[in-house]
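This is structure_9.tsv. It holds TSV, C-alpha atoms.
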chain	number	residue	atom	x	y	z
T	1	MET	CA	62.93	-103.91	20.08
T	2	LYS	CA	63.46	-107.14	18.20
T	3	VAL	CA	62.39	-108.18	14.69
T	4	LEU	CA	62.46	-111.83	13.62
T	5	GLY	CA	62.99	-112.42	9.90
T	6	ILE	CA	61.66	-115.55	8.20
T	7	SER	CA	62.60	-116.47	4.64
T	8	GLY	CA	60.20	-118.76	2.81
T	9	SER	CA	63.01	-120.12	0.65
T	10	LEU	CA	65.52	-122.68	1.90
T	11	ARG	CA	68.15	-122.48	-0.81
T	12	GLN	CA	71.53	-120.98	0.01
T	13	GLY	CA	71.40	-118.23	-2.59
T	14	SER	CA	67.79	-117.27	-1.80
T	15	TYR	CA	66.75	-113.79	-2.92
T	16	ASN	CA	64.21	-113.72	-0.12
T	17	THR	CA	66.93	-114.24	2.47
T	18	THR	CA	68.84	-111.43	0.71
T	19	VAL	CA	65.77	-109.21	1.06
T	20	LEU	CA	65.77	-109.88	4.81
T	21	ARG	CA	69.48	-109.05	5.05
T	22	THR	CA	68.71	-105.78	3.24
T	23	ALA	CA	65.91	-105.07	5.71
T	24	GLU	CA	68.29	-105.73	8.59
T	25	ARG	CA	70.59	-102.94	7.31
T	26	LEU	CA	67.66	-100.55	6.87
T	27	LEU	CA	66.43	-100.94	10.45
T	28	PRO	CA	67.38	-98.31	13.07
T	29	ASN	CA	70.44	-99.19	15.14
T	30	ASP	CA	68.43	-99.75	18.30
T	31	VAL	CA	66.34	-102.45	16.66
T	32	GLN	CA	67.71	-105.97	16.96
T	33	PHE	CA	67.24	-108.27	13.97
T	34	GLU	CA	67.37	-112.06	14.08
T	35	LEU	CA	67.11	-114.36	11.09
T	36	TYR	CA	65.18	-117.56	11.84
T	37	ASP	CA	67.42	-120.13	10.17
T	38	GLU	CA	65.87	-123.42	11.32
T	39	LEU	CA	62.96	-123.64	8.89
T	40	LYS	CA	64.51	-126.60	7.12
T	41	TRP	CA	64.49	-128.69	10.31
T	42	LEU	CA	60.88	-128.12	11.26
T	43	PRO	CA	58.84	-131.35	11.05
T	44	PRO	CA	55.48	-131.39	9.27
T	45	TYR	CA	52.49	-130.33	11.35
T	46	ASP	CA	50.74	-133.32	12.87
T	47	GLU	CA	48.09	-132.69	15.50
T	48	ASP	CA	49.07	-135.99	17.14
T	49	ASP	CA	52.58	-134.59	17.75
T	50	ASP	CA	51.38	-131.27	19.16
T	51	GLY	CA	50.86	-130.37	22.81
T	52	ASP	CA	53.24	-129.99	25.73
T	53	ASP	CA	55.63	-132.49	24.20
T	54	ALA	CA	55.78	-130.88	20.76
T	55	PRO	CA	59.03	-131.51	18.83
T	56	VAL	CA	61.94	-129.37	20.04
T	57	GLU	CA	62.17	-127.59	16.66
T	58	VAL	CA	58.56	-126.50	17.11
T	59	GLN	CA	59.20	-125.28	20.64
T	60	ARG	CA	62.18	-123.30	19.34
T	61	LEU	CA	60.09	-121.74	16.54
T	62	ARG	CA	57.37	-120.74	18.98
T	63	ALA	CA	59.96	-119.33	21.41
T	64	ALA	CA	61.63	-117.32	18.64
T	65	LEU	CA	58.27	-115.85	17.61
T	66	ALA	CA	57.22	-115.19	21.20
T	67	GLY	CA	60.51	-113.41	21.87
T	68	ALA	CA	60.18	-111.05	18.92
T	69	ASP	CA	58.20	-107.80	18.97
T	70	ALA	CA	57.57	-108.03	15.24
T	71	VAL	CA	58.04	-110.45	12.37
T	72	LEU	CA	59.13	-109.82	8.79
T	73	ILE	CA	58.41	-112.59	6.28
T	74	SER	CA	59.88	-112.66	2.78
T	75	THR	CA	58.44	-115.37	0.59
T	76	PRO	CA	58.94	-116.81	-2.87
T	77	GLU	CA	55.99	-118.23	-4.76
T	78	TYR	CA	55.67	-121.92	-5.61
T	79	ASN	CA	52.88	-123.00	-7.93
T	80	SER	CA	51.00	-119.72	-7.55
T	81	SER	CA	50.91	-119.99	-3.76
T	82	VAL	CA	52.85	-120.10	-0.50
T	83	PRO	CA	55.84	-122.48	-0.22
T	84	GLY	CA	54.73	-125.56	1.70
T	85	GLN	CA	57.37	-125.39	4.40
T	86	LEU	CA	56.68	-121.71	5.16
T	87	LYS	CA	52.99	-122.55	5.54
T	88	ASN	CA	53.97	-125.49	7.74
T	89	ALA	CA	55.78	-123.06	10.07
T	90	LEU	CA	52.64	-120.91	10.23
T	91	ASP	CA	50.56	-124.02	10.94
T	92	TRP	CA	52.74	-124.89	13.95
T	93	ALA	CA	52.83	-121.27	15.09
T	94	SER	CA	49.03	-121.04	14.99
T	95	ARG	CA	48.42	-123.66	17.71
T	96	PRO	CA	46.88	-123.46	20.20
T	97	ILE	CA	44.71	-121.11	18.19
T	98	ALA	CA	43.34	-118.98	21.07
T	99	THR	CA	46.74	-118.22	22.58
T	100	ASN	CA	49.08	-118.69	19.60
T	101	VAL	CA	52.37	-116.75	19.62
T	102	LEU	CA	51.42	-114.69	16.57
T	103	ARG	CA	48.14	-113.41	18.00
T	104	ASN	CA	48.25	-109.58	17.98
T	105	LYS	CA	51.88	-109.71	16.83
T	106	PRO	CA	52.75	-107.17	14.11
T	107	VAL	CA	53.85	-109.01	10.95
T	108	ALA	CA	54.88	-107.62	7.57
T	109	VAL	CA	55.02	-109.72	4.41
T	110	VAL	CA	57.13	-109.03	1.33
T	111	GLY	CA	58.31	-111.32	-1.43
T	112	ALA	CA	60.83	-111.93	-4.16
T	113	SER	CA	60.78	-114.03	-7.30
T	114	THR	CA	62.78	-114.23	-10.48
T	115	GLY	CA	59.50	-113.95	-12.41
T	116	ALA	CA	57.75	-110.68	-13.10
T	117	PHE	CA	55.35	-110.47	-10.19
T	118	GLY	CA	57.41	-110.80	-7.03
T	119	ALA	CA	55.39	-113.56	-5.39
T	120	VAL	CA	52.26	-111.44	-4.94
T	121	TRP	CA	49.93	-114.46	-4.75
T	122	ALA	CA	52.12	-116.18	-2.18
T	123	GLN	CA	52.27	-112.95	-0.19
T	124	ALA	CA	48.48	-112.62	-0.30
T	125	GLU	CA	48.00	-116.21	0.89
T	126	VAL	CA	50.48	-115.73	3.75
T	127	ARG	CA	48.62	-112.57	4.82
T	128	LYS	CA	45.30	-114.43	4.68
T	129	SER	CA	46.60	-117.19	6.96
T	130	LEU	CA	48.23	-114.68	9.32
T	131	ALA	CA	44.96	-112.78	9.61
T	132	ALA	CA	43.12	-116.05	10.29
T	133	MET	CA	45.40	-116.76	13.24
T	134	GLY	CA	44.98	-113.28	14.68
T	135	ALA	CA	48.29	-111.65	13.76
T	136	ARG	CA	48.37	-107.90	13.17
T	137	VAL	CA	49.20	-107.88	9.48
T	138	VAL	CA	50.90	-104.62	8.53
T	139	GLU	CA	49.67	-102.96	5.36
T	140	GLY	CA	52.06	-102.49	2.45
T	141	GLU	CA	53.40	-104.87	-0.14
T	142	VAL	CA	56.82	-105.02	-1.72
T	143	ALA	CA	57.17	-107.28	-4.74
T	144	PHE	CA	60.76	-107.94	-5.77
T	145	GLY	CA	59.98	-109.20	-9.28
T	146	HIS	CA	62.94	-110.15	-11.52
T	147	ALA	CA	64.83	-110.30	-8.22
T	148	HIS	CA	68.08	-111.35	-9.88
T	149	GLN	CA	68.21	-107.94	-11.59
T	150	HIS	CA	67.87	-105.88	-8.41
T	151	PHE	CA	70.80	-107.09	-6.33
T	152	ASP	CA	74.50	-106.85	-7.10
T	153	GLU	CA	76.94	-109.72	-6.51
T	154	ARG	CA	77.44	-108.69	-2.88
T	155	GLY	CA	73.69	-108.90	-2.25
T	156	GLU	CA	73.23	-105.13	-2.18
T	157	LEU	CA	69.87	-103.88	-3.39
T	158	THR	CA	70.47	-101.66	-6.42
T	159	ASP	CA	66.88	-100.53	-7.03
T	160	GLU	CA	66.15	-97.29	-5.20
T	161	GLN	CA	62.37	-97.54	-5.53
T	162	LEU	CA	62.27	-101.01	-4.01
T	163	ARG	CA	64.53	-99.82	-1.19
T	164	GLU	CA	62.09	-97.00	-0.41
T	165	GLN	CA	59.14	-99.39	-0.47
T	166	LEU	CA	60.92	-101.79	1.87
T	167	GLN	CA	61.83	-98.90	4.17
T	168	GLU	CA	58.19	-97.83	4.29
T	169	VAL	CA	56.99	-101.32	5.21
T	170	LEU	CA	59.61	-101.51	7.96
T	171	GLU	CA	58.45	-98.16	9.34
T	172	SER	CA	54.86	-99.40	9.35
T	173	LEU	CA	55.98	-102.54	11.15
T	174	LEU	CA	57.84	-100.60	13.85
T	175	ASN	CA	54.95	-98.15	14.19
T	176	SER	CA	52.61	-101.06	14.72
T	177	VAL	CA	54.83	-102.32	17.56
T	178	GLN	CA	54.82	-98.89	19.19
T	179	LEU	CA	51.07	-98.48	18.82
T	180	ARG	CA	50.56	-101.88	20.42
T	181	ALA	CA	52.92	-101.02	23.28
T	182	ALA	CA	51.11	-97.71	23.82
T	183	ALA	CA	47.73	-99.45	23.85
T	184	LEU	CA	48.97	-101.94	26.43
T	185	ALA	CA	50.64	-99.26	28.60
O	1	MET	CA	43.49	-148.35	-13.75
O	2	LYS	CA	45.10	-147.02	-10.61
O	3	VAL	CA	44.10	-144.12	-8.34
O	4	LEU	CA	46.52	-142.68	-5.78
O	5	GLY	CA	44.92	-141.13	-2.69
O	6	ILE	CA	46.68	-138.37	-0.74
O	7	SER	CA	45.40	-137.17	2.61
O	8	GLY	CA	46.45	-133.68	3.62
O	9	SER	CA	46.21	-134.58	7.31
O	10	LEU	CA	48.85	-136.62	9.13
O	11	ARG	CA	47.00	-137.50	12.32
O	12	GLN	CA	45.98	-141.12	12.88
O	13	GLY	CA	42.27	-140.42	13.21
O	14	SER	CA	42.15	-138.09	10.22
O	15	TYR	CA	38.70	-137.59	8.66
O	16	ASN	CA	40.38	-136.87	5.34
O	17	THR	CA	42.05	-140.28	5.38
O	18	THR	CA	38.63	-141.73	6.24
O	19	VAL	CA	37.17	-139.93	3.20
O	20	LEU	CA	39.81	-141.59	1.02
O	21	ARG	CA	39.00	-145.02	2.49
O	22	THR	CA	35.34	-144.33	1.68
O	23	ALA	CA	36.30	-143.41	-1.87
O	24	GLU	CA	38.27	-146.65	-2.16
O	25	ARG	CA	35.10	-148.63	-1.40
O	26	LEU	CA	33.06	-146.63	-3.91
O	27	LEU	CA	35.47	-147.26	-6.80
O	28	PRO	CA	34.66	-150.02	-9.31
O	29	ASN	CA	36.32	-153.37	-8.56
O	30	ASP	CA	38.67	-153.13	-11.54
O	31	VAL	CA	40.16	-149.86	-10.27
O	32	GLN	CA	43.15	-150.22	-7.98
O	33	PHE	CA	43.45	-147.75	-5.11
O	34	GLU	CA	46.65	-146.91	-3.25
O	35	LEU	CA	46.93	-144.63	-0.24
O	36	TYR	CA	50.12	-142.56	-0.24
O	37	ASP	CA	51.20	-142.93	3.38
O	38	GLU	CA	54.67	-141.36	3.35
O	39	LEU	CA	53.69	-137.68	3.49
O	40	LYS	CA	55.06	-137.32	6.99
O	41	TRP	CA	58.57	-138.33	5.87
O	42	LEU	CA	58.85	-135.94	2.95
O	43	PRO	CA	61.56	-133.31	3.56
O	44	PRO	CA	60.81	-129.63	2.91
O	45	TYR	CA	61.29	-128.45	-0.66
O	46	ASP	CA	64.74	-126.95	-1.18
O	47	GLU	CA	65.85	-126.23	-4.73
O	48	ASP	CA	69.43	-126.98	-3.65
O	49	ASP	CA	68.38	-130.55	-2.81
O	50	ASP	CA	66.49	-131.14	-6.06
O	51	GLY	CA	67.78	-132.75	-9.24
O	52	ASP	CA	68.92	-136.27	-10.06
O	53	ASP	CA	70.01	-136.84	-6.48
O	54	ALA	CA	66.75	-135.68	-4.87
O	55	PRO	CA	65.99	-137.27	-1.48
O	56	VAL	CA	64.69	-140.82	-1.74
O	57	GLU	CA	61.32	-139.83	-0.22
O	58	VAL	CA	60.91	-137.33	-3.07
O	59	GLN	CA	61.82	-139.92	-5.67
O	60	ARG	CA	59.24	-142.26	-4.12
O	61	LEU	CA	56.54	-139.57	-4.17
O	62	ARG	CA	57.24	-138.78	-7.82
O	63	ALA	CA	57.24	-142.49	-8.70
O	64	ALA	CA	53.93	-143.03	-6.91
O	65	LEU	CA	52.35	-140.12	-8.80
O	66	ALA	CA	53.87	-141.21	-12.12
O	67	GLY	CA	52.54	-144.73	-11.60
O	68	ALA	CA	48.97	-143.61	-10.97
O	69	ASP	CA	46.42	-142.86	-13.70
O	70	ALA	CA	44.61	-140.42	-11.45
O	71	VAL	CA	45.00	-138.77	-8.06
O	72	LEU	CA	42.41	-138.07	-5.36
O	73	ILE	CA	43.37	-135.52	-2.72
O	74	SER	CA	41.38	-134.99	0.47
O	75	THR	CA	42.51	-132.00	2.49
O	76	PRO	CA	41.77	-130.33	5.80
O	77	GLU	CA	42.10	-126.57	6.13
O	78	TYR	CA	44.73	-124.93	8.33
O	79	ASN	CA	44.52	-121.19	8.87
O	80	SER	CA	42.13	-120.68	5.95
O	81	SER	CA	44.46	-122.39	3.50
O	82	VAL	CA	46.23	-125.58	2.45
O	83	PRO	CA	48.16	-127.59	5.08
O	84	GLY	CA	51.86	-126.80	4.69
O	85	GLN	CA	53.03	-130.37	4.26
O	86	LEU	CA	50.44	-131.14	1.55
O	87	LYS	CA	51.60	-128.03	-0.33
O	88	ASN	CA	55.18	-129.17	0.19
O	89	ALA	CA	54.34	-132.45	-1.57
O	90	LEU	CA	52.86	-130.49	-4.49
O	91	ASP	CA	55.98	-128.30	-4.58
O	92	TRP	CA	58.23	-131.36	-4.96
O	93	ALA	CA	55.83	-132.95	-7.46
O	94	SER	CA	55.84	-129.81	-9.61
O	95	ARG	CA	59.55	-129.95	-10.48
O	96	PRO	CA	60.87	-129.94	-13.11
O	97	ILE	CA	57.96	-127.78	-14.11
O	98	ALA	CA	57.88	-128.62	-17.86
O	99	THR	CA	57.86	-132.39	-17.35
O	100	ASN	CA	56.44	-132.74	-13.83
O	101	VAL	CA	54.62	-135.97	-12.96
O	102	LEU	CA	51.28	-134.23	-12.47
O	103	ARG	CA	51.24	-132.55	-15.87
O	104	ASN	CA	48.04	-133.64	-17.68
O	105	LYS	CA	47.26	-136.05	-14.83
O	106	PRO	CA	43.58	-136.09	-13.76
O	107	VAL	CA	43.29	-134.96	-10.14
O	108	ALA	CA	40.19	-134.51	-7.99
O	109	VAL	CA	40.19	-132.53	-4.76
O	110	VAL	CA	37.76	-132.93	-1.86
O	111	GLY	CA	38.06	-131.96	1.77
O	112	ALA	CA	36.87	-132.54	5.31
O	113	SER	CA	36.89	-130.40	8.42
O	114	THR	CA	35.16	-130.45	11.77
O	115	GLY	CA	34.09	-126.85	11.09
O	116	ALA	CA	31.09	-125.91	9.00
O	117	PHE	CA	32.69	-125.40	5.60
O	118	GLY	CA	34.57	-128.59	4.77
O	119	ALA	CA	37.91	-126.99	3.91
O	120	VAL	CA	36.61	-125.18	0.84
O	121	TRP	CA	39.39	-122.54	0.90
O	122	ALA	CA	42.09	-125.17	1.24
O	123	GLN	CA	40.49	-127.13	-1.60
O	124	ALA	CA	40.42	-124.01	-3.79
O	125	GLU	CA	44.09	-123.27	-3.09
O	126	VAL	CA	45.11	-126.85	-3.88
O	127	ARG	CA	43.20	-126.66	-7.18
O	128	LYS	CA	44.90	-123.36	-8.02
O	129	SER	CA	48.36	-124.83	-7.47
O	130	LEU	CA	47.48	-128.00	-9.39
O	131	ALA	CA	46.27	-125.94	-12.34
O	132	ALA	CA	49.49	-123.88	-12.19
O	133	MET	CA	51.56	-127.04	-12.55
O	134	GLY	CA	49.49	-128.31	-15.46
O	135	ALA	CA	47.41	-131.04	-13.81
O	136	ARG	CA	43.97	-131.80	-15.21
O	137	VAL	CA	41.85	-130.67	-12.28
O	138	VAL	CA	38.50	-132.47	-12.31
O	139	GLU	CA	35.45	-130.32	-11.66
O	140	GLY	CA	33.30	-130.99	-8.66
O	141	GLU	CA	33.74	-130.22	-4.99
O	142	VAL	CA	32.76	-132.23	-1.95
O	143	ALA	CA	32.94	-130.43	1.37
O	144	PHE	CA	32.68	-132.72	4.38
O	145	GLY	CA	31.84	-130.03	6.93
O	146	HIS	CA	31.19	-131.12	10.53
O	147	ALA	CA	33.02	-134.28	9.46
O	148	HIS	CA	32.74	-135.89	12.90
O	149	GLN	CA	28.95	-136.03	12.43
O	150	HIS	CA	29.04	-137.86	9.10
O	151	PHE	CA	30.98	-141.01	9.91
O	152	ASP	CA	30.10	-143.76	12.39
O	153	GLU	CA	32.66	-145.32	14.74
O	154	ARG	CA	33.77	-147.80	12.07
O	155	GLY	CA	34.55	-144.95	9.67
O	156	GLU	CA	31.48	-145.59	7.53
O	157	LEU	CA	30.01	-142.53	5.85
O	158	THR	CA	26.45	-142.11	7.11
O	159	ASP	CA	25.42	-139.13	4.97
O	160	GLU	CA	23.79	-140.27	1.75
O	161	GLN	CA	24.05	-136.92	0.01
O	162	LEU	CA	27.79	-136.67	0.64
O	163	ARG	CA	28.21	-140.24	-0.60
O	164	GLU	CA	26.46	-139.34	-3.85
O	165	GLN	CA	28.61	-136.24	-4.27
O	166	LEU	CA	31.79	-138.24	-3.69
O	167	GLN	CA	30.61	-140.88	-6.13
O	168	GLU	CA	30.02	-138.19	-8.77
O	169	VAL	CA	33.51	-136.74	-8.32
O	170	LEU	CA	35.01	-140.23	-8.62
O	171	GLU	CA	33.06	-140.82	-11.83
O	172	SER	CA	34.35	-137.52	-13.23
O	173	LEU	CA	37.88	-138.52	-12.27
O	174	LEU	CA	37.64	-141.91	-14.00
O	175	ASN	CA	35.98	-140.33	-17.04
O	176	SER	CA	38.86	-137.90	-17.25
O	177	VAL	CA	41.32	-140.79	-17.31
O	178	GLN	CA	39.36	-142.49	-20.10
O	179	LEU	CA	39.08	-139.29	-22.13
O	180	ARG	CA	42.82	-138.77	-21.81
O	181	ALA	CA	43.52	-142.36	-22.86
O	182	ALA	CA	41.20	-142.00	-25.84
O	183	ALA	CA	42.89	-138.75	-26.87
O	184	LEU	CA	46.30	-140.40	-26.72
O	185	ALA	CA	45.17	-143.55	-28.56

Give the structure from the file, written as structure tokens.
Amino acid sequence: MKVLGISGSLRQGSYNTTVLRTAERLLPNDVQFELYDELKWLPPYDEDDDGDDAPVEVQRLRAALAGADAVLISTPEYNSSVPGQLKNALDWASRPIATNVLRNKPVAVVGASTGAFGAVWAQAEVRKSLAAMGARVVEGEVAFGHAHQHFDERGELTDEQLREQLQEVLESLLNSVQLRAAALA
Amino acid sequence: MKVLGISGSLRQGSYNTTVLRTAERLLPNDVQFELYDELKWLPPYDEDDDGDDAPVEVQRLRAALAGADAVLISTPEYNSSVPGQLKNALDWASRPIATNVLRNKPVAVVGASTGAFGAVWAQAEVRKSLAAMGARVVEGEVAFGHAHQHFDERGELTDEQLREQLQEVLESLLNSVQLRAAALA
């Protein structure tokens, strides 16, 4: 089983990327984790550029999503909503709408911010868009508010409650993959 | 007085760009209108890239917004929300948050889609983000639903009711500029 992690923040020291690295360590050993690290190079969605000759970065994003059994997104919040470039990735992923690579794919959404609320509005907007494109959005929310206080200098999560919440969301995500596999069997 | 128009769609035949061209013709002769046509070239927001040495495209966006007395945004809706690249432009515009170029700037938001609802969710999300960054969001919504039915082949708006609604939003936008100027005088 393979989980693709997508961080909504592009900066090097991103807490959301740190959250994904934490999730990677919490996953069972037989689950492969891959961090999608090409978000910065994805061009803006333009319907005129889409189709069989879509930009190579778009083809690579779609292939990475298609090759994963589940997706874990960790997002910051910009201006009370989803970061533009994360939404741009979802916009590319959603086409063609009827057969898009996220349709029926289990996806979990968590978020981190240095403010109090842990990107809950951004998370909600990402879930809304995922649902609109037919993804199987896993229930459960983890809000890493005051994120800078919950990781030590090595990037280790020091908050036990948040670790348990993240673990629970990961279990829901893996369960969703197994339920889907069983339904298809 | 100068109004900057921003279309949330990048495709050549965009109905949202057509809406902005319609707005341009409805504005009084003494109001200058400029269409921001560099959205496609704006890099994704990365805090590591921001600051005095921000990418030139970002500096040009901020200068265009700073040089306008008011902004008119027309947006499509992607996956029940704002197009990623339009949100990305707002994310760049919003920094630094305390002195961002949209703070106290009158902004009106309309939208067009080929679906029934005229991008009302995308419009709402854009307004939410604008309010979060301190813009003066002008009241009034115009939803160009079934947009392909409301323009002729020359791009002329054929729906009288929509024209009146757009005219009203433009009047509110210009009034907001005058009220702000009077308050500062």

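In chain O, the set of residues within 6 Å of chain T (atoms considered: all atoms listed in the file) is Leu10, Arg11, Pro44, Asp46, Glu47, Asp48, Asn79, Ser80, Gly84, Gln85, Lys87, Asn88, Ser129 and Ala132 of chain O.
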
**OP:** Go through O:Leu184, O:Leu157, O:Tyr15, O:Val177 and flag the residue nearest Thr114 in chain O, using all atoms listed in the file for the distances.
**Re:** O:Tyr15

Original post:
Which residues come within 10 Å of Leu26 in chain T, counting only C-alpha atoms, excluding same-chain residues fewer than 6 positions away, as a ChimeraX atom specification?
Top reply: /T:20,163-164,166-167,170-171

Original post:
Which polymer residues have any atom within 8 Å of an atom of Leu61 in chain O, counting only C-alpha atoms, with same-chain residues fewer than 4 positions away left out, as number ranges by chain?
Top reply: O: 38, 57, 65, 89, 93

Write out the residues from the selection above, keeping C-alpha atoms, as a compact mmCIF listing (two decimals), in the frame of the given file.
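Output file selection-v9.txt follows:
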# COMPACT_ATOMS: atom_id res chain seq x y z
CA GLU O 38 54.67 -141.36 3.35
CA GLU O 57 61.32 -139.83 -0.22
CA LEU O 65 52.35 -140.12 -8.80
CA ALA O 89 54.34 -132.45 -1.57
CA ALA O 93 55.83 -132.95 -7.46

**OP:** Give me, please, the distance in Å between CA of Leu72 in chain O and CA of Gly51 in chain O, quoted to one decimal.
**Re:** 26.2 Å

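Neighbourhood of point (62.9, -114.1, 12.0): residues with an atom at most 7 Å away, counting only C-alpha atoms, are Val3, Leu4, Gly5, Ile6, Glu34, Leu35, Tyr36, Val71 and Leu72 of chain T.
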
Original post:
What is the distance, in Å and to one decimal place, between CA of Val107 in chain O and CA of Trp121 in chain T?
Top reply: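 One can read the CA of Val107 in chain O to CA of Trp121 in chain T distance as 22.2 Å.
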
Original post:
Quick one: distance from CA of Gln32 in chain O to CA of His146 in chain O in Å, one decimal?
Top reply: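 Computing it gives 29.2 Å between the two atoms.
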
Subject >> Residue nearest Pro106 in chain T among T:Leu162, T:Leu173, T:Ala143, T:Leu27 (counting only C-alpha atoms) >> reply: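 That would be T:Leu173, the residue with the smallest distance to Pro106 in chain T.
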
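Neighbouring residues of Pro76 in chain O at 8 Å or closer, counting all atoms listed in the file and skipping chain neighbours under 4 positions away, are Gly8, Ser9, Asn16, Val82, Pro83, Gly111, Ala112, Ser113, Gly118, Ala119 and Ala122 of chain O.
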